[in-house]
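The structure file my_file_0.cif is reproduced below (mmCIF, C-alpha atoms and all ligand atoms).
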data_start
loop_
_atom_site.label_atom_id
_atom_site.label_comp_id
_atom_site.auth_asym_id
_atom_site.auth_seq_id
_atom_site.Cartn_x
_atom_site.Cartn_y
_atom_site.Cartn_z
CA MET A 1 28.42 8.70 -1.12
CA ASP A 2 29.51 8.51 2.52
CA ILE A 3 27.18 6.15 4.38
CA ARG A 4 29.51 5.15 7.19
CA ASN A 5 27.02 6.05 9.94
CA SER A 6 24.33 3.94 8.27
CA GLU A 7 26.83 1.10 7.94
CA ARG A 8 27.78 1.33 11.60
CA LEU A 9 24.15 1.49 12.68
CA TYR A 10 23.30 -1.45 10.42
CA GLU A 11 26.05 -3.59 11.99
CA ARG A 12 24.57 -2.86 15.42
CA ALA A 13 21.02 -3.42 14.18
CA LYS A 14 21.83 -6.84 12.69
CA LYS A 15 22.85 -8.05 16.14
CA LEU A 16 19.51 -6.95 17.56
CA MET A 17 16.75 -7.43 14.95
CA PRO A 18 16.24 -10.09 12.25
CA GLY A 19 18.16 -8.77 9.25
CA GLY A 20 18.67 -5.55 11.18
CA VAL A 21 15.22 -4.32 10.19
CA ASN A 22 11.67 -4.14 11.43
CA SER A 23 10.17 -4.96 8.05
CA PRO A 24 11.86 -7.19 5.47
CA VAL A 25 11.62 -4.98 2.40
CA ARG A 26 13.70 -2.32 4.20
CA ALA A 27 16.71 -4.65 4.22
CA CYS A 28 17.50 -3.74 0.59
CA LYS A 29 18.63 -7.34 0.03
CA ASN A 30 17.63 -7.46 -3.63
CA VAL A 31 19.28 -4.19 -4.57
CA GLY A 32 22.64 -5.01 -2.98
CA CYS A 33 22.77 -1.97 -0.74
CA THR A 34 23.19 -1.22 2.93
CA PRO A 35 19.89 0.17 4.16
CA LEU A 36 20.15 3.87 4.86
CA PHE A 37 19.27 4.92 8.39
CA ILE A 38 17.09 8.00 8.14
CA ASP A 39 17.84 10.86 10.53
CA HIS A 40 14.96 13.15 9.60
CA ALA A 41 12.61 14.06 6.77
CA LYS A 42 10.76 17.16 5.62
CA GLY A 43 8.49 17.68 2.64
CA SER A 44 9.70 15.61 -0.31
CA ARG A 45 13.14 15.06 1.21
CA ILE A 46 14.70 12.52 3.51
CA TYR A 47 18.12 12.92 5.16
CA ASP A 48 20.15 9.92 6.24
CA ALA A 49 22.46 9.47 9.24
CA ASP A 50 25.39 10.73 7.16
CA GLY A 51 23.64 13.88 6.07
CA ASN A 52 22.90 12.68 2.54
CA GLU A 53 19.74 14.23 1.08
CA PHE A 54 17.31 12.46 -1.21
CA ILE A 55 14.09 13.18 -3.04
CA ASP A 56 11.84 10.52 -1.51
CA TYR A 57 9.56 8.38 -3.69
CA VAL A 58 8.90 5.74 -1.02
CA CYS A 59 6.93 8.17 1.19
CA SER A 60 6.94 5.51 3.91
CA TRP A 61 5.25 3.12 1.40
CA GLY A 62 2.32 5.45 0.90
CA PRO A 63 1.16 7.30 4.04
CA ASN A 64 2.99 10.56 3.30
CA ILE A 65 0.73 11.88 0.55
CA LEU A 66 1.29 15.37 2.01
CA GLY A 67 5.03 14.80 2.34
CA HIS A 68 7.08 14.39 5.47
CA ALA A 69 6.44 16.39 8.67
CA ASP A 70 3.47 18.31 7.30
CA GLU A 71 3.03 21.25 9.67
CA ASP A 72 -0.68 20.77 10.18
CA ILE A 73 -0.28 17.07 10.97
CA ILE A 74 2.64 17.72 13.31
CA SER A 75 0.69 20.43 15.10
CA ALA A 76 -2.36 18.17 15.49
CA VAL A 77 -0.19 15.37 16.84
CA GLN A 78 1.61 17.67 19.27
CA THR A 79 -1.71 18.98 20.59
CA ALA A 80 -3.04 15.44 20.95
CA CYS A 81 0.10 14.30 22.79
CA GLY A 82 -0.39 17.03 25.36
CA LYS A 83 -3.79 15.56 26.14
CA GLY A 84 -2.43 12.08 26.76
CA LEU A 85 -1.06 9.40 24.46
CA THR A 86 -3.69 6.72 24.87
CA TYR A 87 -6.88 6.31 26.84
CA GLY A 88 -8.15 2.87 25.88
CA ALA A 89 -11.53 4.55 25.86
CA CYS A 90 -13.82 6.42 23.45
CA HIS A 91 -12.92 9.95 22.40
CA GLU A 92 -14.24 12.59 19.99
CA GLY A 93 -11.41 12.29 17.48
CA GLU A 94 -12.35 8.76 16.49
CA VAL A 95 -15.93 9.87 15.86
CA GLU A 96 -14.62 12.66 13.61
CA LEU A 97 -12.33 10.29 11.71
CA ALA A 98 -15.11 7.72 11.26
CA GLU A 99 -17.34 10.49 9.86
CA ARG A 100 -14.60 11.56 7.43
CA ILE A 101 -14.10 8.00 6.23
CA LYS A 102 -17.84 7.42 5.78
CA ARG A 103 -18.30 10.81 4.04
CA ASN A 104 -15.66 9.99 1.45
CA ILE A 105 -16.26 6.25 1.07
CA PRO A 106 -20.04 5.83 1.33
CA SER A 107 -19.87 2.03 1.03
CA ILE A 108 -18.38 2.14 4.53
CA GLU A 109 -21.56 2.54 6.56
CA LEU A 110 -19.87 1.31 9.75
CA VAL A 111 -16.11 1.38 10.32
CA ARG A 112 -13.74 -0.05 12.91
CA LEU A 113 -10.35 1.60 13.47
CA VAL A 114 -7.36 -0.71 13.97
CA SER A 115 -3.57 -0.28 14.06
CA SER A 116 -2.23 -1.72 10.81
CA GLY A 117 -3.25 -2.69 7.31
CA THR A 118 -2.63 -6.32 8.20
CA GLU A 119 -5.12 -6.05 11.02
CA ALA A 120 -7.64 -4.27 8.80
CA VAL A 121 -7.66 -6.92 6.08
CA MET A 122 -7.48 -9.82 8.55
CA SER A 123 -10.51 -8.42 10.39
CA ALA A 124 -12.46 -7.77 7.18
CA VAL A 125 -11.91 -11.40 6.16
CA ARG A 126 -13.10 -12.57 9.58
CA ALA A 127 -16.18 -10.34 9.28
CA ALA A 128 -16.92 -11.87 5.86
CA ARG A 129 -16.60 -15.38 7.24
CA GLY A 130 -18.75 -14.53 10.24
CA PHE A 131 -21.42 -12.85 8.11
CA THR A 132 -21.64 -15.59 5.45
CA GLY A 133 -20.92 -18.59 7.68
CA ARG A 134 -18.54 -19.76 4.97
CA ASP A 135 -14.82 -20.56 5.34
CA ARG A 136 -13.04 -20.26 1.99
CA ILE A 137 -11.61 -17.04 0.61
CA VAL A 138 -10.17 -16.11 -2.78
CA LYS A 139 -7.06 -13.96 -3.16
CA PHE A 140 -4.88 -13.18 -6.17
CA GLU A 141 -1.31 -14.15 -6.97
CA GLY A 142 0.96 -11.20 -6.37
CA CYS A 143 -1.44 -9.28 -4.19
CA TYR A 144 -0.28 -8.56 -0.67
CA HIS A 145 -2.69 -8.01 2.18
CA GLY A 146 -0.38 -7.90 5.18
CA HIS A 147 1.03 -10.86 7.06
CA SER A 148 -1.99 -12.61 8.58
CA ASP A 149 -1.54 -16.37 8.21
CA GLY A 150 -4.31 -17.17 5.77
CA LEU A 151 -3.26 -14.44 3.35
CA LEU A 152 0.45 -15.34 3.15
CA VAL A 153 -0.20 -17.32 0.00
CA ARG A 154 1.48 -16.42 -3.31
CA GLY A 155 1.77 -12.92 -1.92
CA GLY A 156 3.38 -9.84 -3.36
CA SER A 157 5.53 -7.13 -1.78
CA GLY A 158 8.30 -8.56 0.38
CA LEU A 159 7.23 -12.17 -0.33
CA LEU A 160 7.73 -11.60 -4.06
CA THR A 161 10.89 -9.58 -3.48
CA ALA A 162 12.35 -12.43 -1.45
CA GLY A 163 11.15 -14.97 -4.00
CA VAL A 164 9.33 -16.77 -1.17
CA PRO A 165 5.68 -16.59 -2.24
CA ASP A 166 4.42 -18.43 0.81
CA SER A 167 5.72 -18.02 4.36
CA ALA A 168 7.25 -20.66 6.59
CA GLY A 169 5.57 -20.99 9.96
CA VAL A 170 2.06 -20.99 8.50
CA PRO A 171 0.43 -24.40 8.94
CA LYS A 172 -1.04 -25.87 5.76
CA ALA A 173 -4.36 -26.09 7.54
CA PHE A 174 -4.34 -22.29 7.80
CA THR A 175 -3.97 -21.79 4.05
CA ASP A 176 -6.03 -24.72 2.78
CA LEU A 177 -9.03 -22.42 2.84
CA THR A 178 -7.31 -19.78 0.72
CA LEU A 179 -7.98 -20.21 -2.98
CA VAL A 180 -5.68 -18.36 -5.38
CA ALA A 181 -6.73 -16.80 -8.68
CA ARG A 182 -4.83 -14.86 -11.34
CA TYR A 183 -5.07 -11.07 -11.20
CA ASN A 184 -6.86 -9.54 -14.20
CA ASP A 185 -8.24 -12.96 -15.14
CA ALA A 186 -11.93 -13.16 -14.25
CA ALA A 187 -12.16 -16.65 -15.75
CA SER A 188 -9.75 -17.95 -13.10
CA VAL A 189 -12.17 -16.65 -10.47
CA SER A 190 -15.20 -18.18 -12.19
CA ALA A 191 -13.45 -21.55 -12.24
CA LEU A 192 -12.94 -21.40 -8.46
CA PHE A 193 -16.55 -20.42 -7.89
CA GLU A 194 -17.77 -23.25 -10.12
CA SER A 195 -15.90 -25.65 -7.84
CA PHE A 196 -16.35 -24.01 -4.44
CA GLY A 197 -18.90 -21.23 -4.93
CA GLU A 198 -21.19 -22.03 -2.02
CA GLU A 199 -18.20 -22.32 0.35
CA ILE A 200 -16.54 -19.01 -0.53
CA ALA A 201 -17.01 -16.25 2.03
CA ALA A 202 -15.21 -13.52 0.12
CA VAL A 203 -12.92 -12.44 -2.66
CA VAL A 204 -10.21 -10.11 -1.37
CA VAL A 205 -8.43 -7.98 -3.94
CA GLU A 206 -6.22 -4.94 -4.31
CA PRO A 207 -8.46 -2.99 -6.74
CA CYS A 208 -5.31 -1.60 -8.27
CA ALA A 209 -2.51 -4.00 -7.42
CA ALA A 210 0.67 -2.33 -6.16
CA ASN A 211 2.58 -5.20 -4.57
CA MET A 212 3.84 -6.87 -7.72
CA GLY A 213 4.68 -3.42 -8.88
CA VAL A 214 1.73 -1.28 -9.98
CA VAL A 215 -0.74 -3.39 -11.99
CA PRO A 216 -4.03 -1.60 -12.70
CA PRO A 217 -7.20 -3.65 -13.23
CA VAL A 218 -8.02 -4.35 -16.86
CA GLU A 219 -11.39 -3.18 -18.16
CA GLY A 220 -14.19 -5.30 -16.70
CA PHE A 221 -12.07 -7.20 -14.17
CA LEU A 222 -13.43 -5.56 -11.02
CA GLU A 223 -16.96 -5.53 -12.47
CA ALA A 224 -16.65 -9.29 -13.04
CA LEU A 225 -15.60 -9.83 -9.42
CA ARG A 226 -18.59 -7.82 -8.28
CA GLU A 227 -20.98 -9.80 -10.47
CA ILE A 228 -19.70 -13.26 -9.53
CA THR A 229 -19.60 -12.58 -5.79
CA LEU A 230 -23.17 -11.30 -5.91
CA ARG A 231 -24.23 -14.34 -7.90
CA TYR A 232 -22.79 -16.78 -5.37
CA GLY A 233 -23.60 -14.82 -2.19
CA ALA A 234 -19.93 -14.16 -1.42
CA LEU A 235 -18.61 -10.78 -0.31
CA LEU A 236 -16.21 -8.56 -2.23
CA ILE A 237 -13.44 -7.04 -0.09
CA PHE A 238 -11.36 -4.20 -1.55
CA ASP A 239 -7.98 -3.93 0.11
CA GLU A 240 -7.53 -0.17 -0.28
CA VAL A 241 -4.65 0.10 2.17
CA ILE A 242 -2.61 1.68 -0.64
CA THR A 243 -5.33 3.04 -2.96
CA GLY A 244 -7.58 4.50 -0.24
CA PHE A 245 -7.27 8.32 -0.31
CA ARG A 246 -4.39 7.79 -2.78
CA LEU A 247 -6.35 7.45 -6.04
CA GLY A 248 -8.82 10.09 -4.85
CA LEU A 249 -10.89 10.89 -1.78
CA GLY A 250 -13.16 8.00 -2.68
CA GLY A 251 -10.28 5.65 -3.41
CA ALA A 252 -10.26 2.98 -6.09
CA GLN A 253 -13.94 2.14 -5.66
CA GLU A 254 -14.88 5.68 -6.67
CA LYS A 255 -12.31 5.76 -9.50
CA TYR A 256 -13.40 2.45 -11.01
CA GLY A 257 -17.08 2.69 -10.09
CA VAL A 258 -17.24 -0.72 -8.40
CA THR A 259 -18.64 -0.93 -4.87
CA PRO A 260 -17.29 -3.64 -2.56
CA ASP A 261 -19.07 -5.01 0.49
CA LEU A 262 -16.08 -4.38 2.77
CA THR A 263 -13.06 -2.10 2.45
CA ALA A 264 -9.73 -2.13 4.27
CA LEU A 265 -7.86 1.15 4.64
CA GLY A 266 -4.41 2.00 5.95
CA LYS A 267 -1.39 4.22 5.34
CA ILE A 268 -2.87 7.60 4.31
CA VAL A 269 -5.87 7.24 6.66
CA GLY A 270 -3.41 7.23 9.59
CA GLY A 271 -1.53 10.34 8.53
CA GLY A 272 1.78 8.56 9.10
CA MET A 273 0.85 7.03 12.44
CA PRO A 274 -0.07 3.39 13.18
CA LEU A 275 -3.74 3.53 12.22
CA ALA A 276 -5.84 1.60 9.73
CA ALA A 277 -9.51 0.75 9.35
CA TYR A 278 -12.01 -1.66 7.88
CA GLY A 279 -15.69 -1.22 7.26
CA GLY A 280 -18.64 -1.73 5.01
CA ARG A 281 -22.36 -2.46 4.95
CA THR A 282 -24.14 -2.07 8.27
CA ASN A 283 -25.55 -5.60 8.29
CA ILE A 284 -22.05 -7.03 7.80
CA MET A 285 -20.26 -4.81 10.30
CA GLU A 286 -22.93 -5.44 12.91
CA CYS A 287 -21.49 -8.94 13.08
CA ILE A 288 -18.48 -7.40 14.84
CA ALA A 289 -18.32 -7.45 18.64
CA PRO A 290 -19.77 -6.02 20.77
CA VAL A 291 -22.85 -5.97 18.51
CA GLY A 292 -22.27 -9.35 16.90
CA SER A 293 -20.26 -12.43 17.62
CA VAL A 294 -17.21 -11.83 15.38
CA TYR A 295 -14.51 -10.85 17.82
CA GLN A 296 -11.94 -8.19 17.01
CA ALA A 297 -10.27 -5.85 19.49
CA GLY A 298 -7.18 -3.69 20.07
CA THR A 299 -5.53 -1.85 22.93
CA LEU A 300 -4.46 1.01 20.69
CA SER A 301 -7.34 0.88 18.22
CA GLY A 302 -8.49 4.45 17.54
CA ASN A 303 -5.48 5.79 19.44
CA PRO A 304 -6.05 9.54 19.97
CA VAL A 305 -2.62 10.62 18.73
CA ALA A 306 -2.85 8.47 15.60
CA VAL A 307 -6.43 9.62 15.03
CA ALA A 308 -5.28 13.24 15.28
CA ALA A 309 -2.75 12.57 12.50
CA GLY A 310 -5.35 10.82 10.37
CA ASN A 311 -7.90 13.57 10.84
CA ALA A 312 -5.36 16.28 10.02
CA GLN A 313 -4.26 14.56 6.82
CA LEU A 314 -7.77 13.72 5.57
CA LYS A 315 -9.02 17.21 6.49
CA LYS A 316 -6.34 18.75 4.30
CA LEU A 317 -7.10 16.37 1.43
CA GLU A 318 -10.81 17.20 1.67
CA GLU A 319 -10.06 20.93 1.72
CA GLN A 320 -7.65 20.72 -1.23
CA PRO A 321 -9.06 18.10 -3.65
CA GLN A 322 -6.99 19.70 -6.41
CA ILE A 323 -4.09 17.83 -4.81
CA TYR A 324 -5.16 14.75 -6.75
CA SER A 325 -4.97 16.34 -10.18
CA GLU A 326 -1.60 17.77 -9.21
CA LEU A 327 -0.37 14.33 -8.09
CA ASP A 328 -1.52 12.91 -11.43
CA ARG A 329 0.25 15.65 -13.41
CA LYS A 330 3.52 15.15 -11.54
CA CYS A 331 3.50 11.38 -11.79
CA ALA A 332 2.57 11.57 -15.48
CA ALA A 333 5.73 13.61 -16.07
CA ILE A 334 7.81 10.88 -14.44
CA GLU A 335 6.01 8.26 -16.51
CA ARG A 336 6.82 10.22 -19.69
CA ALA A 337 10.48 10.42 -18.74
CA PHE A 338 10.62 6.65 -18.33
CA ARG A 339 8.76 6.01 -21.56
CA GLU A 340 10.94 8.43 -23.54
CA SER A 341 13.88 6.39 -22.26
CA GLY A 342 12.29 3.24 -23.58
CA ALA A 343 11.33 1.86 -20.18
CA ASN A 344 8.28 -0.29 -19.44
CA VAL A 345 6.03 1.54 -16.96
CA ASN A 346 2.66 1.05 -15.28
CA ARG A 347 1.08 4.06 -13.66
CA GLU A 348 -2.23 4.68 -11.90
CA GLY A 349 -2.59 8.20 -10.52
CA SER A 350 0.39 8.88 -8.26
CA LEU A 351 1.44 5.22 -8.16
CA LEU A 352 4.07 4.11 -10.66
CA THR A 353 6.44 1.21 -11.26
CA VAL A 354 9.14 0.85 -13.91
CA PHE A 355 9.41 -2.81 -14.93
CA PHE A 356 12.62 -4.35 -16.23
CA THR A 357 10.95 -6.75 -18.62
CA ASP A 358 9.76 -6.44 -22.21
CA MET A 359 6.42 -7.98 -21.31
CA ALA A 360 3.36 -5.92 -20.48
CA VAL A 361 2.96 -6.49 -16.73
CA THR A 362 -0.66 -7.38 -16.04
CA ASP A 363 -0.32 -10.13 -13.45
CA TYR A 364 2.02 -12.15 -11.21
CA ASP A 365 3.51 -14.27 -13.99
CA SER A 366 4.39 -11.31 -16.19
CA ALA A 367 5.72 -9.39 -13.16
CA LYS A 368 8.02 -12.32 -12.38
CA THR A 369 9.73 -12.00 -15.79
CA CYS A 370 11.41 -8.82 -14.53
CA ASP A 371 15.21 -8.65 -14.44
CA ILE A 372 15.83 -8.10 -10.74
CA ALA A 373 19.50 -7.29 -11.30
CA ALA A 374 18.56 -4.58 -13.80
CA TYR A 375 16.14 -3.07 -11.31
CA ALA A 376 18.85 -3.17 -8.65
CA GLU A 377 21.23 -1.30 -10.96
CA HIS A 378 18.49 1.26 -11.68
CA TYR A 379 17.83 1.66 -7.94
CA ARG A 380 21.56 2.21 -7.20
CA ARG A 381 21.92 4.75 -10.00
CA LEU A 382 18.91 6.72 -8.79
CA LEU A 383 20.26 6.63 -5.24
CA SER A 384 23.68 7.88 -6.34
CA GLU A 385 21.88 10.81 -7.97
CA GLY A 386 19.89 11.63 -4.83
CA ILE A 387 16.65 9.85 -5.74
CA TYR A 388 15.28 7.43 -3.11
CA ALA A 389 13.03 4.81 -4.72
CA ALA A 390 11.62 1.52 -3.44
CA PRO A 391 14.43 -1.05 -2.93
CA SER A 392 12.40 -3.66 -4.78
CA GLN A 393 11.10 -4.19 -8.28
CA PHE A 394 7.74 -5.25 -6.85
CA GLU A 395 6.77 -2.04 -5.10
CA ALA A 396 5.47 1.35 -6.21
CA MET A 397 6.95 4.80 -6.52
CA PHE A 398 4.77 7.18 -4.49
CA VAL A 399 4.55 10.88 -5.31
CA SER A 400 3.43 13.41 -2.70
CA ALA A 401 1.63 16.73 -2.92
CA VAL A 402 4.84 18.52 -1.92
CA HIS A 403 7.13 17.09 -4.61
CA SER A 404 7.91 20.38 -6.34
CA ASP A 405 8.12 20.87 -10.08
CA GLU A 406 11.86 21.22 -9.57
CA ASP A 407 11.92 17.83 -7.80
CA ILE A 408 10.03 16.29 -10.71
CA GLU A 409 12.26 17.94 -13.33
CA ARG A 410 15.38 16.75 -11.52
CA THR A 411 13.94 13.25 -11.24
CA CYS A 412 13.06 13.18 -14.94
CA GLU A 413 16.57 14.32 -15.86
CA VAL A 414 18.09 11.54 -13.77
CA ILE A 415 15.72 8.97 -15.23
CA LYS A 416 16.65 9.98 -18.76
CA GLN A 417 20.35 9.73 -17.89
CA THR A 418 20.20 6.44 -16.00
CA ALA A 419 17.56 4.63 -18.03
CA LYS A 420 19.48 5.39 -21.26
CA LYS A 421 22.40 3.37 -19.89
CA PHE A 422 20.38 0.16 -19.94
P1 LIG B 501 0.62 -3.02 7.11
O1 LIG B 501 0.27 -4.15 8.04
O2 LIG B 501 2.06 -3.12 6.64
O3 LIG B 501 0.26 -1.64 7.67
O4 LIG B 501 -0.31 -3.14 5.82
C1 LIG B 501 -0.31 -4.35 5.11
C2 LIG B 501 -0.78 -4.11 3.68
C3 LIG B 501 -2.08 -4.45 3.37
N1 LIG B 501 -2.56 -4.25 2.12
C4 LIG B 501 -1.79 -3.70 1.15
C5 LIG B 501 -2.37 -3.50 -0.22
C6 LIG B 501 -0.45 -3.33 1.44
O5 LIG B 501 0.32 -2.80 0.46
C7 LIG B 501 0.06 -3.52 2.73
C8 LIG B 501 1.48 -3.16 3.10
N2 LIG B 501 2.27 -2.58 2.06
C9 LIG B 501 3.69 -2.78 2.18
C10 LIG B 501 4.37 -2.17 0.94
N3 LIG B 501 3.89 -2.72 -0.27
C11 LIG B 501 4.23 -2.22 3.44
C12 LIG B 501 5.74 -2.10 3.50
C13 LIG B 501 6.35 -3.13 4.40
O6 LIG B 501 5.86 -4.28 4.44
O7 LIG B 501 7.34 -2.77 5.07
#

As a first step, turn the structure in this file into structure tokens.
Amino acid sequence: MDIRNSERLYERAKKLMPGGVNSPVRACKNVGCTPLFIDHAKGSRIYDADGNEFIDYVCSWGPNILGHADEDIISAVQTACGKGLTYGACHEGEVELAERIKRNIPSIELVRLVSSGTEAVMSAVRAARGFTGRDRIVKFEGCYHGHSDGLLVRGGSGLLTAGVPDSAGVPKAFTDLTLVARYNDAASVSALFESFGEEIAAVVVEPCAANMGVVPPVEGFLEALREITLRYGALLIFDEVITGFRLGLGGAQEKYGVTPDLTALGKIVGGGMPLAAYGGRTNIMECIAPVGSVYQAGTLSGNPVAVAAGNAQLKKLEEQPQIYSELDRKCAAIERAFRESGANVNREGSLLTVFFTDMAVTDYDSAKTCDIAAYAEHYRRLLSEGIYAAPSQFEAMFVSAVHSDEDIERTCEVIKQTAKKF
């Protein structure tokens, strides 16, 4: 495959940006490839700077549930742009988006729009600390909640990919208050609460983990988190940056029937633009300035262009809820193809990861048994056959509403060919 333009661009980029990228996982370090520079994308396809075409299963790490350059989203964004890019003031679109969020995720009685998933989770944690007056938080090994200091502890996603579970540059004092439990192990949470229960402000969790690869919650795990946080007066924060509007209009909390106190949203809610949100019970969110004393702000929070994209995407999902059963059907076909090839797969809805380990992957430790080199070989084989998957074993494949049956059939064929070679 000719990727000379990407190679040339990458050489320039490396002189200008750390690793030549604006987010580490894009560097493709663990799969031994030059990152492709994307020229344009439409529907289920992306096209690189050398004109190579791929069926895209990264979908920008989740936002593009309706595929790339959806006409309705593009039209809404173009209209919004003509009315000005940013006001730094209130506008009707943010009211409409807040109503959509609240309508679909009723546990979010009040919501604050922000600009990234990192900001959403960071702010939800601050709200929990402000509301409870407590300082400690609990997170889970292998979960990733963005790059705010206190959450860069035994993280997933790029931290796991790089094999650097904690980040340099984060003072120990900033992470001393972060307690770490094992995902899918309620007893590890109980043990922390027995020691620190009255000091714990919140448990923050990906209700279906997707940053150590896809690791769904085992039966009773989320219910146990709900019970123990209620018992000790701590809050339960669902990081639904990936699962929100991905696992259904009501996200993971609707799917699993467990209601958190606070929820962080991102990716899909922004329609592909820099927009995220956090929200929850009125009495908690009223701690947030200007009502309460927990400060959180943002120049581009609720940006009208980003809000237009978010509204257009959520409107379409609300109007076509059958999209979710279609996503499930398509992703199930891919799962079958992997399983028929003998591969080890976790899938939840339209999230899927193939794991190169013989162990069932249910937590960080089992995820870490994966053969990274084998995943890299798998990634390169898919790429050579025109399939663009996540350049890391510890991410998800995302399917969109516009992946056609032909796309899925082609993908399954390639999987059966490539996986057999292992
Ligand atoms: P952002 O700050 O990247 O918008 O969101 C952070 C975040 C928060 N919570 C969860 C569950 C997330 O998955 C993320 C970000 N996801 C990664 C991919 N696993 C983004 C890709 C990247 O870092 O480049």

Within 9 Å of ligand LIG 501 (chain B), which residues of chain A come that close, and what is the closest atom pair and distance in Å for each? Count all atoms listed in the file and give it as CSV.
residue,atom,partner,partner_atom,distance
A:Asn22,CA,B:LIG501,O7,7.8
A:Ser23,CA,B:LIG501,O7,4.7
A:Pro24,CA,B:LIG501,O7,6.3
A:Val25,CA,B:LIG501,O7,5.5
A:Arg26,CA,B:LIG501,O7,6.4
A:Ser60,CA,B:LIG501,C12,7.7
A:Trp61,CA,B:LIG501,C10,5.4
A:Gly62,CA,B:LIG501,C10,7.9
A:Ser115,CA,B:LIG501,O3,7.6
A:Ser116,CA,B:LIG501,O3,4.0
A:Gly117,CA,B:LIG501,O4,3.3
A:Thr118,CA,B:LIG501,O1,3.6
A:Glu119,CA,B:LIG501,O1,6.4
A:Ala120,CA,B:LIG501,C3,7.8
A:Val121,CA,B:LIG501,C3,6.7
A:Cys143,CA,B:LIG501,C5,7.1
A:Tyr144,CA,B:LIG501,C4,5.4
A:His145,CA,B:LIG501,N1,3.8
A:Gly146,CA,B:LIG501,C1,3.6
A:His147,CA,B:LIG501,O1,6.8
A:Ser148,CA,B:LIG501,O1,8.8
A:Gly156,CA,B:LIG501,N3,7.8
A:Ser157,CA,B:LIG501,N3,4.9
A:Gly158,CA,B:LIG501,O6,6.4
A:Val205,CA,B:LIG501,C5,8.4
A:Glu206,CA,B:LIG501,C5,5.8
A:Pro207,CA,B:LIG501,C5,8.9
A:Cys208,CA,B:LIG501,C5,8.8
A:Ala209,CA,B:LIG501,C5,7.2
A:Ala210,CA,B:LIG501,O5,6.6
A:Asn211,CA,B:LIG501,N3,5.1
A:Met212,CA,B:LIG501,N3,8.5
A:Gly213,CA,B:LIG501,N3,8.7
A:Asp239,CA,B:LIG501,C5,5.6
A:Glu240,CA,B:LIG501,C5,6.1
A:Val241,CA,B:LIG501,N1,4.8
A:Ile242,CA,B:LIG501,C5,5.2
A:Thr243,CA,B:LIG501,C5,7.7
A:Ala264,CA,B:LIG501,N1,7.8
A:Leu265,CA,B:LIG501,N1,8.0
A:Gly266,CA,B:LIG501,O3,6.2
A:Lys267,CA,B:LIG501,O3,6.5
A:Pro274,CA,B:LIG501,O3,7.5
A:Leu275,CA,B:LIG501,O3,8.0
A:Ala276,CA,B:LIG501,O3,7.2
A:Phe394,CA,B:LIG501,N3,8.0
A:Glu395,CA,B:LIG501,N3,5.7
A:Ala396,CA,B:LIG501,N3,7.4

Could those residues be written to a file, using C-alpha atoms, as a CSV table (one decimal), in the frame of the given file?
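Everything below was put into again.csv:
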chain,number,residue,atom,x,y,z
A,22,ASN,CA,11.7,-4.1,11.4
A,23,SER,CA,10.2,-5.0,8.0
A,24,PRO,CA,11.9,-7.2,5.5
A,25,VAL,CA,11.6,-5.0,2.4
A,26,ARG,CA,13.7,-2.3,4.2
A,60,SER,CA,6.9,5.5,3.9
A,61,TRP,CA,5.2,3.1,1.4
A,62,GLY,CA,2.3,5.4,0.9
A,115,SER,CA,-3.6,-0.3,14.1
A,116,SER,CA,-2.2,-1.7,10.8
A,117,GLY,CA,-3.2,-2.7,7.3
A,118,THR,CA,-2.6,-6.3,8.2
A,119,GLU,CA,-5.1,-6.0,11.0
A,120,ALA,CA,-7.6,-4.3,8.8
A,121,VAL,CA,-7.7,-6.9,6.1
A,143,CYS,CA,-1.4,-9.3,-4.2
A,144,TYR,CA,-0.3,-8.6,-0.7
A,145,HIS,CA,-2.7,-8.0,2.2
A,146,GLY,CA,-0.4,-7.9,5.2
A,147,HIS,CA,1.0,-10.9,7.1
A,148,SER,CA,-2.0,-12.6,8.6
A,156,GLY,CA,3.4,-9.8,-3.4
A,157,SER,CA,5.5,-7.1,-1.8
A,158,GLY,CA,8.3,-8.6,0.4
A,205,VAL,CA,-8.4,-8.0,-3.9
A,206,GLU,CA,-6.2,-4.9,-4.3
A,207,PRO,CA,-8.5,-3.0,-6.7
A,208,CYS,CA,-5.3,-1.6,-8.3
A,209,ALA,CA,-2.5,-4.0,-7.4
A,210,ALA,CA,0.7,-2.3,-6.2
A,211,ASN,CA,2.6,-5.2,-4.6
A,212,MET,CA,3.8,-6.9,-7.7
A,213,GLY,CA,4.7,-3.4,-8.9
A,239,ASP,CA,-8.0,-3.9,0.1
A,240,GLU,CA,-7.5,-0.2,-0.3
A,241,VAL,CA,-4.6,0.1,2.2
A,242,ILE,CA,-2.6,1.7,-0.6
A,243,THR,CA,-5.3,3.0,-3.0
A,264,ALA,CA,-9.7,-2.1,4.3
A,265,LEU,CA,-7.9,1.2,4.6
A,266,GLY,CA,-4.4,2.0,6.0
A,267,LYS,CA,-1.4,4.2,5.3
A,274,PRO,CA,-0.1,3.4,13.2
A,275,LEU,CA,-3.7,3.5,12.2
A,276,ALA,CA,-5.8,1.6,9.7
A,394,PHE,CA,7.7,-5.2,-6.8
A,395,GLU,CA,6.8,-2.0,-5.1
A,396,ALA,CA,5.5,1.4,-6.2

Exercise. Any idea what's packed within 8 Å of segment 289-298 of chain A, counting all atoms listed in the file, ignoring anything in its chain fewer than 3 positions away? Could you give it as a ChimeraX atom specification?
Worked result: /A:114-115,123,126-127,130,286,301

For this session: Go through A:Ile372, A:Met17, A:Val402, A:Leu36 and flag the residue nearest Ile3 of chain A, using all atoms listed in the file for the distances.
Result: A:Leu36
